[in-house]
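Enquirer: Handing over protein_4.pdb, PDB, C-alpha atoms, pLDDT in the B column.
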MODEL        1
ATOM      1  CA  MET O   1       0.000   0.000   0.000  1.00 48.00           C
ATOM      2  CA  ILE O   2       1.115   3.543  -0.743  1.00 46.00           C
ATOM      3  CA  LYS O   3       0.780   6.175   1.985  1.00 46.00           C
ATOM      4  CA  LEU O   4       0.733   9.734   0.638  1.00 46.00           C
ATOM      5  CA  GLY O   5       1.330  11.453   3.982  1.00 45.00           C
ATOM      6  CA  LEU O   6      -0.750  14.614   3.462  1.00 41.00           C
ATOM      7  CA  GLY O   7      -2.967  13.814   6.435  1.00 43.00           C
ATOM      8  CA  LYS O   8      -0.094  13.861   8.891  1.00 42.00           C
ATOM      9  CA  ILE O   9       0.093  17.664   9.107  1.00 37.00           C
ATOM     10  CA  VAL O  10      -2.188  17.893  12.189  1.00 39.00           C
ATOM     11  CA  PRO O  11      -1.992  17.862  15.986  1.00 42.00           C
ATOM     12  CA  ASN O  12      -2.728  14.718  18.032  1.00 48.00           C
ATOM     13  CA  ARG O  13      -6.381  13.945  18.640  1.00 44.00           C
ATOM     14  CA  ARG O  14      -7.966  14.061  22.072  1.00 48.00           C
ATOM     15  CA  ASP O  15      -9.564  11.128  23.837  1.00 48.00           C
ATOM     16  CA  PRO O  16     -13.219  10.707  22.895  1.00 58.00           C
ATOM     17  CA  SER O  17     -15.848  12.324  25.022  1.00 78.00           C
ATOM     18  CA  PRO O  18     -19.386  11.338  25.918  1.00 87.00           C
ATOM     19  CA  VAL O  19     -20.371  13.491  22.915  1.00 88.00           C
ATOM     20  CA  VAL O  20     -18.446  11.120  20.618  1.00 87.00           C
ATOM     21  CA  LEU O  21     -20.027   8.070  22.217  1.00 90.00           C
ATOM     22  CA  ARG O  22     -23.466   9.644  21.791  1.00 94.00           C
ATOM     23  CA  ALA O  23     -22.698  10.394  18.120  1.00 96.00           C
ATOM     24  CA  LEU O  24     -21.683   6.753  17.648  1.00 96.00           C
ATOM     25  CA  SER O  25     -24.867   5.523  19.373  1.00 96.00           C
ATOM     26  CA  GLU O  26     -27.040   7.771  17.210  1.00 97.00           C
ATOM     27  CA  THR O  27     -25.154   6.684  14.083  1.00 97.00           C
ATOM     28  CA  VAL O  28     -25.761   3.022  14.886  1.00 96.00           C
ATOM     29  CA  ALA O  29     -29.436   3.654  15.625  1.00 96.00           C
ATOM     30  CA  TRP O  30     -29.857   5.692  12.430  1.00 96.00           C
ATOM     31  CA  CYS O  31     -28.096   3.133  10.219  1.00 95.00           C
ATOM     32  CA  LEU O  32     -30.008   0.209  11.710  1.00 94.00           C
ATOM     33  CA  SER O  33     -33.284   2.038  11.027  1.00 93.00           C
ATOM     34  CA  ARG O  34     -32.405   2.320   7.315  1.00 89.00           C
ATOM     35  CA  SER O  35     -32.442  -0.325   4.612  1.00 78.00           C
ATOM     36  CA  PRO O  36     -29.166  -2.288   4.707  1.00 73.00           C
ATOM     37  CA  GLN O  37     -28.176  -1.116   1.217  1.00 71.00           C
ATOM     38  CA  CYS O  38     -25.311   1.247   0.407  1.00 67.00           C
ATOM     39  CA  ASP O  39     -27.507   3.831  -1.315  1.00 72.00           C
ATOM     40  CA  GLN O  40     -29.759   4.080   1.749  1.00 82.00           C
ATOM     41  CA  LEU O  41     -26.784   5.240   3.834  1.00 93.00           C
ATOM     42  CA  ARG O  42     -26.237   8.304   1.662  1.00 95.00           C
ATOM     43  CA  SER O  43     -29.464   9.985   2.651  1.00 94.00           C
ATOM     44  CA  ARG O  44     -30.378  13.378   1.262  1.00 94.00           C
ATOM     45  CA  LYS O  45     -31.178  14.560   4.764  1.00 95.00           C
ATOM     46  CA  LEU O  46     -27.534  14.154   5.849  1.00 97.00           C
ATOM     47  CA  ASP O  47     -25.826  14.957   2.511  1.00 96.00           C
ATOM     48  CA  PRO O  48     -22.672  17.026   3.229  1.00 96.00           C
ATOM     49  CA  SER O  49     -21.844  17.759  -0.444  1.00 93.00           C
ATOM     50  CA  ALA O  50     -22.278  21.528  -0.140  1.00 93.00           C
ATOM     51  CA  ILE O  51     -19.887  21.638   2.831  1.00 94.00           C
ATOM     52  CA  LEU O  52     -17.272  19.462   1.098  1.00 91.00           C
ATOM     53  CA  ARG O  53     -16.628  21.764  -1.852  1.00 83.00           C
ATOM     54  CA  VAL O  54     -12.872  22.327  -1.995  1.00 78.00           C
ATOM     55  CA  PRO O  55     -10.967  24.234  -4.712  1.00 74.00           C
ATOM     56  CA  PRO O  56      -8.863  22.045  -6.995  1.00 74.00           C
ATOM     57  CA  PHE O  57      -5.427  21.092  -5.694  1.00 71.00           C
ATOM     58  CA  ASP O  58      -3.585  22.943  -8.487  1.00 75.00           C
ATOM     59  CA  GLU O  59      -5.478  26.202  -7.814  1.00 74.00           C
ATOM     60  CA  ALA O  60      -5.030  26.337  -4.052  1.00 69.00           C
ATOM     61  CA  GLY O  61      -1.579  24.852  -3.466  1.00 80.00           C
ATOM     62  CA  VAL O  62      -0.859  21.923  -1.190  1.00 81.00           C
ATOM     63  CA  GLY O  63      -1.010  23.769   2.138  1.00 84.00           C
ATOM     64  CA  ALA O  64      -4.217  25.689   1.483  1.00 84.00           C
ATOM     65  CA  TRP O  65      -5.848  22.704  -0.219  1.00 81.00           C
ATOM     66  CA  SER O  66      -5.109  20.277   2.621  1.00 86.00           C
ATOM     67  CA  GLU O  67      -6.219  22.769   5.297  1.00 89.00           C
ATOM     68  CA  THR O  68      -9.425  23.615   3.412  1.00 89.00           C
ATOM     69  CA  LYS O  69     -10.211  19.949   2.822  1.00 89.00           C
ATOM     70  CA  ARG O  70      -9.487  19.060   6.455  1.00 92.00           C
ATOM     71  CA  GLU O  71     -11.720  21.873   7.731  1.00 94.00           C
ATOM     72  CA  SER O  72     -14.530  20.998   5.319  1.00 94.00           C
ATOM     73  CA  TYR O  73     -14.587  17.370   6.486  1.00 95.00           C
ATOM     74  CA  GLN O  74     -14.559  18.472  10.108  1.00 95.00           C
ATOM     75  CA  ARG O  75     -17.532  20.794   9.458  1.00 96.00           C
ATOM     76  CA  ALA O  76     -19.309  18.072   7.461  1.00 97.00           C
ATOM     77  CA  VAL O  77     -19.052  15.485  10.240  1.00 97.00           C
ATOM     78  CA  TYR O  78     -20.259  18.043  12.774  1.00 97.00           C
ATOM     79  CA  ALA O  79     -23.233  18.963  10.553  1.00 97.00           C
ATOM     80  CA  ILE O  80     -24.101  15.306   9.943  1.00 98.00           C
ATOM     81  CA  ASN O  81     -24.027  14.582  13.676  1.00 97.00           C
ATOM     82  CA  GLU O  82     -26.251  17.591  14.433  1.00 97.00           C
ATOM     83  CA  LYS O  83     -28.806  16.713  11.741  1.00 98.00           C
ATOM     84  CA  ARG O  84     -28.809  13.012  12.585  1.00 97.00           C
ATOM     85  CA  SER O  85     -29.277  13.731  16.297  1.00 97.00           C
ATOM     86  CA  THR O  86     -32.345  15.817  15.504  1.00 97.00           C
ATOM     87  CA  LEU O  87     -33.736  13.187  13.120  1.00 97.00           C
ATOM     88  CA  VAL O  88     -33.197  10.359  15.607  1.00 96.00           C
ATOM     89  CA  ARG O  89     -34.892  12.371  18.348  1.00 96.00           C
ATOM     90  CA  ASP O  90     -37.788  13.594  16.179  1.00 96.00           C
ATOM     91  CA  THR O  91     -38.558  10.144  14.763  1.00 94.00           C
ATOM     92  CA  ASN O  92     -38.231   8.413  18.147  1.00 95.00           C
ATOM     93  CA  ILE O  93     -35.534   6.012  16.993  1.00 95.00           C
ATOM     94  CA  GLU O  94     -34.217   4.099  19.994  1.00 93.00           C
ATOM     95  CA  ILE O  95     -30.569   4.944  20.702  1.00 93.00           C
ATOM     96  CA  ALA O  96     -28.193   2.006  20.439  1.00 85.00           C
ATOM     97  CA  GLY O  97     -25.736   1.178  23.190  1.00 87.00           C
ATOM     98  CA  LEU O  98     -22.043   0.466  22.762  1.00 88.00           C
ATOM     99  CA  ALA O  99     -22.623  -3.278  23.095  1.00 89.00           C
ATOM    100  CA  GLU O 100     -25.109  -3.176  20.218  1.00 92.00           C
ATOM    101  CA  ALA O 101     -22.706  -1.100  18.112  1.00 92.00           C
ATOM    102  CA  GLN O 102     -19.958  -3.659  18.687  1.00 92.00           C
ATOM    103  CA  SER O 103     -22.149  -6.683  18.024  1.00 94.00           C
ATOM    104  CA  LYS O 104     -23.880  -5.349  14.906  1.00 95.00           C
ATOM    105  CA  GLY O 105     -21.067  -3.634  13.053  1.00 96.00           C
ATOM    106  CA  LYS O 106     -17.439  -2.609  12.732  1.00 97.00           C
ATOM    107  CA  LEU O 107     -15.495   0.619  12.948  1.00 97.00           C
ATOM    108  CA  LEU O 108     -13.934   1.905   9.756  1.00 98.00           C
ATOM    109  CA  LEU O 109     -11.385   4.664   9.314  1.00 97.00           C
ATOM    110  CA  TYR O 110     -11.285   6.875   6.223  1.00 97.00           C
ATOM    111  CA  GLU O 111      -8.479   9.338   5.618  1.00 96.00           C
ATOM    112  CA  PRO O 112      -9.731  11.789   2.980  1.00 93.00           C
ATOM    113  CA  LEU O 113      -6.339  13.470   2.535  1.00 90.00           C
ATOM    114  CA  GLU O 114      -4.794  10.129   1.528  1.00 91.00           C
ATOM    115  CA  THR O 115      -7.250   9.072  -1.171  1.00 88.00           C
ATOM    116  CA  VAL O 116      -6.761   8.646  -4.896  1.00 85.00           C
ATOM    117  CA  THR O 117      -9.646   8.995  -7.297  1.00 87.00           C
ATOM    118  CA  ASP O 118      -9.373   5.756  -9.256  1.00 91.00           C
ATOM    119  CA  GLY O 119     -12.768   4.138  -8.598  1.00 91.00           C
ATOM    120  CA  ALA O 120     -11.319   0.778  -7.520  1.00 94.00           C
ATOM    121  CA  SER O 121     -12.857   0.841  -4.041  1.00 95.00           C
ATOM    122  CA  GLU O 122     -16.171   2.110  -5.359  1.00 95.00           C
ATOM    123  CA  SER O 123     -16.468  -0.619  -7.972  1.00 95.00           C
ATOM    124  CA  SER O 124     -15.233  -3.476  -5.786  1.00 95.00           C
ATOM    125  CA  SER O 125     -17.478  -2.497  -2.866  1.00 96.00           C
ATOM    126  CA  ARG O 126     -20.569  -2.293  -5.098  1.00 94.00           C
ATOM    127  CA  GLY O 127     -20.970   1.366  -4.221  1.00 94.00           C
ATOM    128  CA  PHE O 128     -20.275   1.205  -0.505  1.00 95.00           C
ATOM    129  CA  PHE O 129     -17.293   3.508  -1.088  1.00 96.00           C
ATOM    130  CA  ASP O 130     -17.563   6.409  -3.532  1.00 95.00           C
ATOM    131  CA  ILE O 131     -15.057   7.580  -6.160  1.00 93.00           C
ATOM    132  CA  GLU O 132     -13.059   9.341  -3.395  1.00 92.00           C
ATOM    133  CA  ASP O 133     -12.956   6.115  -1.313  1.00 95.00           C
ATOM    134  CA  ALA O 134     -15.395   7.653   1.198  1.00 96.00           C
ATOM    135  CA  PRO O 135     -17.830   5.402   3.036  1.00 97.00           C
ATOM    136  CA  PRO O 136     -21.489   6.520   3.078  1.00 97.00           C
ATOM    137  CA  TRP O 137     -21.874   9.752   5.050  1.00 97.00           C
ATOM    138  CA  ASP O 138     -24.720   8.392   7.162  1.00 97.00           C
ATOM    139  CA  THR O 139     -22.075   6.157   8.815  1.00 97.00           C
ATOM    140  CA  TRP O 140     -19.726   9.032   9.786  1.00 97.00           C
ATOM    141  CA  PHE O 141     -19.634  10.027  13.455  1.00 97.00           C
ATOM    142  CA  LEU O 142     -16.174  11.436  14.283  1.00 96.00           C
ATOM    143  CA  TYR O 143     -13.487  13.464  12.562  1.00 94.00           C
ATOM    144  CA  SER O 144     -10.181  13.290  14.401  1.00 91.00           C
ATOM    145  CA  GLY O 145      -6.561  13.500  13.326  1.00 87.00           C
ATOM    146  CA  SER O 146      -7.551  13.969   9.648  1.00 91.00           C
ATOM    147  CA  THR O 147      -9.514  10.716   9.904  1.00 95.00           C
ATOM    148  CA  ILE O 148     -13.227  10.054   9.644  1.00 96.00           C
ATOM    149  CA  PHE O 149     -14.513   7.316  11.928  1.00 97.00           C
ATOM    150  CA  SER O 150     -17.497   5.417  10.531  1.00 97.00           C
ATOM    151  CA  TRP O 151     -19.675   2.611  11.758  1.00 97.00           C
ATOM    152  CA  VAL O 152     -20.389  -0.129   9.199  1.00 97.00           C
ATOM    153  CA  PRO O 153     -23.428  -2.371   9.704  1.00 96.00           C
ATOM    154  CA  GLU O 154     -22.554  -6.074   9.679  1.00 95.00           C
ATOM    155  CA  SER O 155     -24.660  -6.544   6.515  1.00 94.00           C
ATOM    156  CA  LEU O 156     -22.249  -4.267   4.599  1.00 95.00           C
ATOM    157  CA  VAL O 157     -18.931  -5.414   6.080  1.00 97.00           C
ATOM    158  CA  GLN O 158     -18.278  -7.754   3.146  1.00 96.00           C
ATOM    159  CA  ASN O 159     -18.823  -4.922   0.629  1.00 96.00           C
ATOM    160  CA  ALA O 160     -16.536  -2.640   2.623  1.00 97.00           C
ATOM    161  CA  GLN O 161     -13.858  -5.338   2.852  1.00 98.00           C
ATOM    162  CA  ALA O 162     -13.919  -5.796  -0.927  1.00 97.00           C
ATOM    163  CA  GLY O 163     -13.341  -2.049  -1.331  1.00 97.00           C
ATOM    164  CA  ILE O 164     -10.515  -2.041   1.212  1.00 97.00           C
ATOM    165  CA  ASP O 165      -8.875  -4.960  -0.596  1.00 97.00           C
ATOM    166  CA  ALA O 166      -9.051  -3.110  -3.940  1.00 96.00           C
ATOM    167  CA  ASN O 167      -7.726   0.182  -2.562  1.00 94.00           C
ATOM    168  CA  ILE O 168      -4.146   0.968  -3.602  1.00 92.00           C
ATOM    169  CA  VAL O 169      -3.471   3.462  -0.801  1.00 91.00           C
ATOM    170  CA  ASP O 170      -3.982   2.991   2.919  1.00 88.00           C
ATOM    171  CA  CYS O 171      -6.829   5.491   3.250  1.00 96.00           C
ATOM    172  CA  ILE O 172      -9.584   3.068   4.335  1.00 97.00           C
ATOM    173  CA  HIS O 173      -9.179   0.356   6.924  1.00 95.00           C
ATOM    174  CA  TRP O 174     -10.827  -1.260   9.928  1.00 97.00           C
ATOM    175  CA  CYS O 175      -9.985  -0.114  13.416  1.00 94.00           C
ATOM    176  CA  ASN O 176     -10.293  -1.649  16.848  1.00 91.00           C
ATOM    177  CA  TRP O 177     -12.906  -0.405  19.268  1.00 87.00           C
ATOM    178  CA  SER O 178     -10.093   0.553  21.641  1.00 82.00           C
ATOM    179  CA  GLU O 179      -9.028   3.256  19.170  1.00 81.00           C
ATOM    180  CA  LEU O 180     -12.050   5.286  20.274  1.00 78.00           C
ATOM    181  CA  SER O 181     -10.509   5.695  23.719  1.00 61.00           C
ATOM    182  CA  GLU O 182      -6.824   5.959  22.847  1.00 49.00           C
ATOM    183  CA  PRO O 183      -5.128   8.832  21.001  1.00 44.00           C
ATOM    184  CA  ARG O 184      -4.177   7.962  17.442  1.00 49.00           C
ATOM    185  CA  ASP O 185      -0.688   8.707  16.191  1.00 44.00           C
ATOM    186  CA  VAL O 186      -0.673  11.385  13.550  1.00 38.00           C
TER     187      VAL O 186
ENDMDL
END
Would you mind giving the structure from this file in structure tokens?
Expert:
Amino acid sequence: MIKLGLGKIVPNRRDPSPVVLRALSETVAWCLSRSPQCDQLRSRKLDPSAILRVPPFDEAGVGAWSETKRESYQRAVYAINEKRSTLVRDTNIEIAGLAEAQSKGKLLLYEPLETVTDGASESSSRGFFDIEDAPPWDTWFLYSGSTIFSWVPESLVQNAQAGIDANIVDCIHWCNWSELSEPRDV
């Protein structure tokens, strides 16, 4: 695997807070309330596309581009969490506990500053990942250390694994549950 290294220009992340654990619980509850298909986890209600607009790399320069992209993903995850929290509350979806999250899915890391746009992960995962190697935004719950943490329902783990296997850079991979409570090296 090739590691581009652009995502390493950031400070160390902090330990997760109860806010992060709540975001994870709401993510699990939201995803389990949806159809277990990839396209159902890119809901219009949580679509962060407008927030993720970043000028092309060659126009902005590496420093400005990476900072703008990093900030846009941070804002996008925050906005998704806020919208999802409201939707979960307003539709009376029962919040999942950590045990349910662990038993019904896996944690996935996505490093958007490390991606290449080749479509291999998207094709191999049958659309679980997009052209930028991003997992569905409904699964995102934390942005830390230039990394997006996602929760993948067990029914889509095989699709995600196929995309990880096809990916030529190390921008998508599984993580252990302990990584939510330990600082990640950056």
Enquirer: Just say which residues the PyMOL selection byres ((chain O and resi 153) around 8) picks in this file, as a PyMOL selection string.
Expert: chain O and resi 28+31-32+36+104-106+151-152+154-157
Enquirer: Go ahead and save the picked residues with C-alpha atoms, as a PDB file, in the coordinates of the input.
Expert:
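Final file, again_18.pdb:
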ATOM      1  CA  VAL O  28     -25.761   3.022  14.886  1.00 96.00           C
ATOM      2  CA  CYS O  31     -28.096   3.133  10.219  1.00 95.00           C
ATOM      3  CA  LEU O  32     -30.008   0.209  11.710  1.00 94.00           C
ATOM      4  CA  PRO O  36     -29.166  -2.288   4.707  1.00 73.00           C
ATOM      5  CA  LYS O 104     -23.880  -5.349  14.906  1.00 95.00           C
ATOM      6  CA  GLY O 105     -21.067  -3.634  13.053  1.00 96.00           C
ATOM      7  CA  LYS O 106     -17.439  -2.609  12.732  1.00 97.00           C
ATOM      8  CA  TRP O 151     -19.675   2.611  11.758  1.00 97.00           C
ATOM      9  CA  VAL O 152     -20.389  -0.129   9.199  1.00 97.00           C
ATOM     10  CA  GLU O 154     -22.554  -6.074   9.679  1.00 95.00           C
ATOM     11  CA  SER O 155     -24.660  -6.544   6.515  1.00 94.00           C
ATOM     12  CA  LEU O 156     -22.249  -4.267   4.599  1.00 95.00           C
ATOM     13  CA  VAL O 157     -18.931  -5.414   6.080  1.00 97.00           C
TER      14      VAL O 157
END
Enquirer: Spell out the residues picked by the PyMOL selection byres ((chain O and resi 54-62) around 12) here, as a PDB file with C-alpha atoms, in the frame of the given file.
Expert:
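Listing of expr21.pdb after writing:
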ATOM      1  CA  GLY O   5       1.330  11.453   3.982  1.00 45.00           C
ATOM      2  CA  LEU O   6      -0.750  14.614   3.462  1.00 41.00           C
ATOM      3  CA  GLY O   7      -2.967  13.814   6.435  1.00 43.00           C
ATOM      4  CA  ILE O   9       0.093  17.664   9.107  1.00 37.00           C
ATOM      5  CA  SER O  49     -21.844  17.759  -0.444  1.00 93.00           C
ATOM      6  CA  ALA O  50     -22.278  21.528  -0.140  1.00 93.00           C
ATOM      7  CA  ILE O  51     -19.887  21.638   2.831  1.00 94.00           C
ATOM      8  CA  LEU O  52     -17.272  19.462   1.098  1.00 91.00           C
ATOM      9  CA  ARG O  53     -16.628  21.764  -1.852  1.00 83.00           C
ATOM     10  CA  GLY O  63      -1.010  23.769   2.138  1.00 84.00           C
ATOM     11  CA  ALA O  64      -4.217  25.689   1.483  1.00 84.00           C
ATOM     12  CA  TRP O  65      -5.848  22.704  -0.219  1.00 81.00           C
ATOM     13  CA  SER O  66      -5.109  20.277   2.621  1.00 86.00           C
ATOM     14  CA  GLU O  67      -6.219  22.769   5.297  1.00 89.00           C
ATOM     15  CA  THR O  68      -9.425  23.615   3.412  1.00 89.00           C
ATOM     16  CA  LYS O  69     -10.211  19.949   2.822  1.00 89.00           C
ATOM     17  CA  ARG O  70      -9.487  19.060   6.455  1.00 92.00           C
ATOM     18  CA  GLU O  71     -11.720  21.873   7.731  1.00 94.00           C
ATOM     19  CA  SER O  72     -14.530  20.998   5.319  1.00 94.00           C
ATOM     20  CA  TYR O  73     -14.587  17.370   6.486  1.00 95.00           C
ATOM     21  CA  LEU O 113      -6.339  13.470   2.535  1.00 90.00           C
TER      22      LEU O 113
END
Enquirer: Run the PyMOL selection byres ((chain O and resi 108) around 7) mentally over the shown coordinates, then write out the matched residues as a list in words, using the chain letters and numbers from the document.
Expert: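 Given this file, the PyMOL selection byres ((chain O and resi 108) around 7) evaluates to Lys106, Leu107, Leu109, Tyr110, Phe149, Ser150, Trp151, Val152, His173, Trp174 and Cys175 of chain O.
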Enquirer: Dump C-alpha atoms for the selected residues as an mmCIF file, keeping the file's coordinate frame?
Expert:
data_model
loop_
_atom_site.group_PDB
_atom_site.id
_atom_site.type_symbol
_atom_site.label_atom_id
_atom_site.label_comp_id
_atom_site.auth_asym_id
_atom_site.auth_seq_id
_atom_site.Cartn_x
_atom_site.Cartn_y
_atom_site.Cartn_z
ATOM 1 C CA LYS O 106 -17.439 -2.609 12.732
ATOM 2 C CA LEU O 107 -15.495 0.619 12.948
ATOM 3 C CA LEU O 109 -11.385 4.664 9.314
ATOM 4 C CA TYR O 110 -11.285 6.875 6.223
ATOM 5 C CA PHE O 149 -14.513 7.316 11.928
ATOM 6 C CA SER O 150 -17.497 5.417 10.531
ATOM 7 C CA TRP O 151 -19.675 2.611 11.758
ATOM 8 C CA VAL O 152 -20.389 -0.129 9.199
ATOM 9 C CA HIS O 173 -9.179 0.356 6.924
ATOM 10 C CA TRP O 174 -10.827 -1.260 9.928
ATOM 11 C CA CYS O 175 -9.985 -0.114 13.416
#
Enquirer: Can you build me a table of segment 10-119 of chain O residues sitting at most 10 Å from segment 134-146 of chain O, with the closest atom pair per residue and its distance in Å to one decimal, using only C-alpha atoms, sorted by chain and residue number, as a Markdown table?
Expert:
| residue | atom | partner | partner_atom | distance |
| --- | --- | --- | --- | --- |
| O:Val10 | CA | O:Gly145 | CA | 6.3 |
| O:Pro11 | CA | O:Gly145 | CA | 6.9 |
| O:Asn12 | CA | O:Gly145 | CA | 6.2 |
| O:Arg13 | CA | O:Gly145 | CA | 5.3 |
| O:Arg14 | CA | O:Ser144 | CA | 8.0 |
| O:Asp15 | CA | O:Ser144 | CA | 9.7 |
| O:Pro16 | CA | O:Leu142 | CA | 9.1 |
| O:Val19 | CA | O:Leu142 | CA | 9.8 |
| O:Val20 | CA | O:Leu142 | CA | 6.7 |
| O:Leu21 | CA | O:Phe141 | CA | 9.0 |
| O:Arg22 | CA | O:Phe141 | CA | 9.2 |
| O:Ala23 | CA | O:Phe141 | CA | 5.6 |
| O:Leu24 | CA | O:Phe141 | CA | 5.7 |
| O:Ser25 | CA | O:Phe141 | CA | 9.1 |
| O:Glu26 | CA | O:Phe141 | CA | 8.6 |
| O:Thr27 | CA | O:Thr139 | CA | 6.1 |
| O:Val28 | CA | O:Thr139 | CA | 7.8 |
| O:Trp30 | CA | O:Asp138 | CA | 7.8 |
| O:Cys31 | CA | O:Thr139 | CA | 6.9 |
| O:Arg34 | CA | O:Asp138 | CA | 9.8 |
| O:Cys38 | CA | O:Pro136 | CA | 7.0 |
| O:Asp39 | CA | O:Pro136 | CA | 7.9 |
| O:Gln40 | CA | O:Asp138 | CA | 8.6 |
| O:Leu41 | CA | O:Asp138 | CA | 5.0 |
| O:Arg42 | CA | O:Pro136 | CA | 5.3 |
| O:Ser43 | CA | O:Asp138 | CA | 6.7 |
| O:Arg44 | CA | O:Asp138 | CA | 9.6 |
| O:Lys45 | CA | O:Asp138 | CA | 9.2 |
| O:Leu46 | CA | O:Asp138 | CA | 6.5 |
| O:Asp47 | CA | O:Trp137 | CA | 7.0 |
| O:Pro48 | CA | O:Trp137 | CA | 7.5 |
| O:Ser49 | CA | O:Trp137 | CA | 9.7 |
| O:Ser66 | CA | O:Ser146 | CA | 9.8 |
| O:Glu67 | CA | O:Ser146 | CA | 9.9 |
| O:Lys69 | CA | O:Ser146 | CA | 9.5 |
| O:Arg70 | CA | O:Ser146 | CA | 6.3 |
| O:Glu71 | CA | O:Ser146 | CA | 9.1 |
| O:Tyr73 | CA | O:Tyr143 | CA | 7.3 |
| O:Gln74 | CA | O:Tyr143 | CA | 5.7 |
| O:Arg75 | CA | O:Tyr143 | CA | 8.9 |
| O:Ala76 | CA | O:Tyr143 | CA | 9.0 |
| O:Val77 | CA | O:Tyr143 | CA | 6.4 |
| O:Tyr78 | CA | O:Leu142 | CA | 7.9 |
| O:Ile80 | CA | O:Asp138 | CA | 7.5 |
| O:Asn81 | CA | O:Phe141 | CA | 6.3 |
| O:Arg84 | CA | O:Asp138 | CA | 8.2 |
| O:Leu107 | CA | O:Thr139 | CA | 9.5 |
| O:Leu108 | CA | O:Pro135 | CA | 8.5 |
| O:Leu109 | CA | O:Pro135 | CA | 9.0 |
| O:Tyr110 | CA | O:Ala134 | CA | 6.5 |
| O:Glu111 | CA | O:Ser146 | CA | 6.2 |
| O:Pro112 | CA | O:Ala134 | CA | 7.2 |
| O:Leu113 | CA | O:Ser146 | CA | 7.2 |
| O:Glu114 | CA | O:Ser146 | CA | 9.4 |
| O:Thr115 | CA | O:Ala134 | CA | 8.6 |
Enquirer: Work out how far atom CA of Ser85 of chain O is from atom CA of Trp177 of chain O, in Å to one decimal.
Expert: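 Rounded to one decimal, the two atoms are 21.8 Å apart.
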Enquirer: Atom CA of Ser17 of chain O to atom CA of Thr91 of chain O: how many Å, to one decimal?
Expert: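 The value is 25.0 Å.
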Enquirer: Provide the atom CA of Gln37 of chain O to atom CA of Gly127 of chain O distance in Å, to one decimal place.
Expert: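 So the answer is 9.4 Å.
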Enquirer: Kindly indicate which residue among O:Ala29, O:Ile164, O:Ala79, O:Val116 lies nearest to Ile93 of chain O, using all atoms listed in the file for the distances.
Expert: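 The answer is O:Ala29, which sits nearest to Ile93 of chain O.
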Enquirer: Here is a test: counting all atoms listed in the file, which residue of O:Ser33, O:Leu180, O:Ala166, O:Ser123 is nearest to Ala96 of chain O?
Expert: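 Looking only at the distances to Ala96 of chain O, the closest residue turns out to be O:Ser33.
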Enquirer: Determine, counting all atoms listed in the file, which protein, DNA and RNA residues have an atom within 12 Å of an atom of Ser124 of chain O; residues of the same chain fewer than 5 positions away are not included. Present the result as an MDAnalysis selection string.
Expert: chainID O and resid 118:119 129:131 133 158:167
Enquirer: Next, write the just-selected residues to a file, as a JSON list (two decimals), in the frame of the given file, keeping C-alpha atoms as the atom set.
Expert:
[["chain", "number", "residue", "atom", "x", "y", "z"],
["O", 118, "ASP", "CA", -9.37, 5.76, -9.26],
["O", 119, "GLY", "CA", -12.77, 4.14, -8.60],
["O", 129, "PHE", "CA", -17.29, 3.51, -1.09],
["O", 130, "ASP", "CA", -17.56, 6.41, -3.53],
["O", 131, "ILE", "CA", -15.06, 7.58, -6.16],
["O", 133, "ASP", "CA", -12.96, 6.12, -1.31],
["O", 158, "GLN", "CA", -18.28, -7.75, 3.15],
["O", 159, "ASN", "CA", -18.82, -4.92, 0.63],
["O", 160, "ALA", "CA", -16.54, -2.64, 2.62],
["O", 161, "GLN", "CA", -13.86, -5.34, 2.85],
["O", 162, "ALA", "CA", -13.92, -5.80, -0.93],
["O", 163, "GLY", "CA", -13.34, -2.05, -1.33],
["O", 164, "ILE", "CA", -10.52, -2.04, 1.21],
["O", 165, "ASP", "CA", -8.88, -4.96, -0.60],
["O", 166, "ALA", "CA", -9.05, -3.11, -3.94],
["O", 167, "ASN", "CA", -7.73, 0.18, -2.56]]
Enquirer: Because the input lacks atoms here, generate N, CA and C atoms for segment 141-149 of chain O and report them as a compact mmCIF listing (two decimals), in the coordinates of the input.
Expert:
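File produced: selection00.txt:
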# COMPACT_ATOMS: atom_id res chain seq x y z
N PHE O 141 -19.27 9.48 12.14
CA PHE O 141 -19.63 10.03 13.46
C PHE O 141 -18.52 10.81 14.13
N LEU O 142 -17.29 10.73 13.64
CA LEU O 142 -16.17 11.44 14.28
C LEU O 142 -15.14 11.81 13.25
N TYR O 143 -14.63 13.03 13.36
CA TYR O 143 -13.49 13.46 12.56
C TYR O 143 -12.38 13.81 13.54
N SER O 144 -11.27 13.10 13.45
CA SER O 144 -10.18 13.29 14.40
C SER O 144 -8.86 12.93 13.74
N GLY O 145 -7.87 13.79 13.88
CA GLY O 145 -6.56 13.50 13.33
C GLY O 145 -6.59 13.29 11.83
N SER O 146 -7.36 14.08 11.10
CA SER O 146 -7.55 13.97 9.65
C SER O 146 -8.18 12.65 9.23
N THR O 147 -8.89 12.01 10.15
CA THR O 147 -9.51 10.72 9.90
C THR O 147 -10.99 10.78 10.24
N ILE O 148 -11.80 10.19 9.37
CA ILE O 148 -13.23 10.05 9.64
C ILE O 148 -13.46 8.66 10.19
N PHE O 149 -14.10 8.59 11.34
CA PHE O 149 -14.51 7.32 11.93
C PHE O 149 -15.94 7.05 11.47
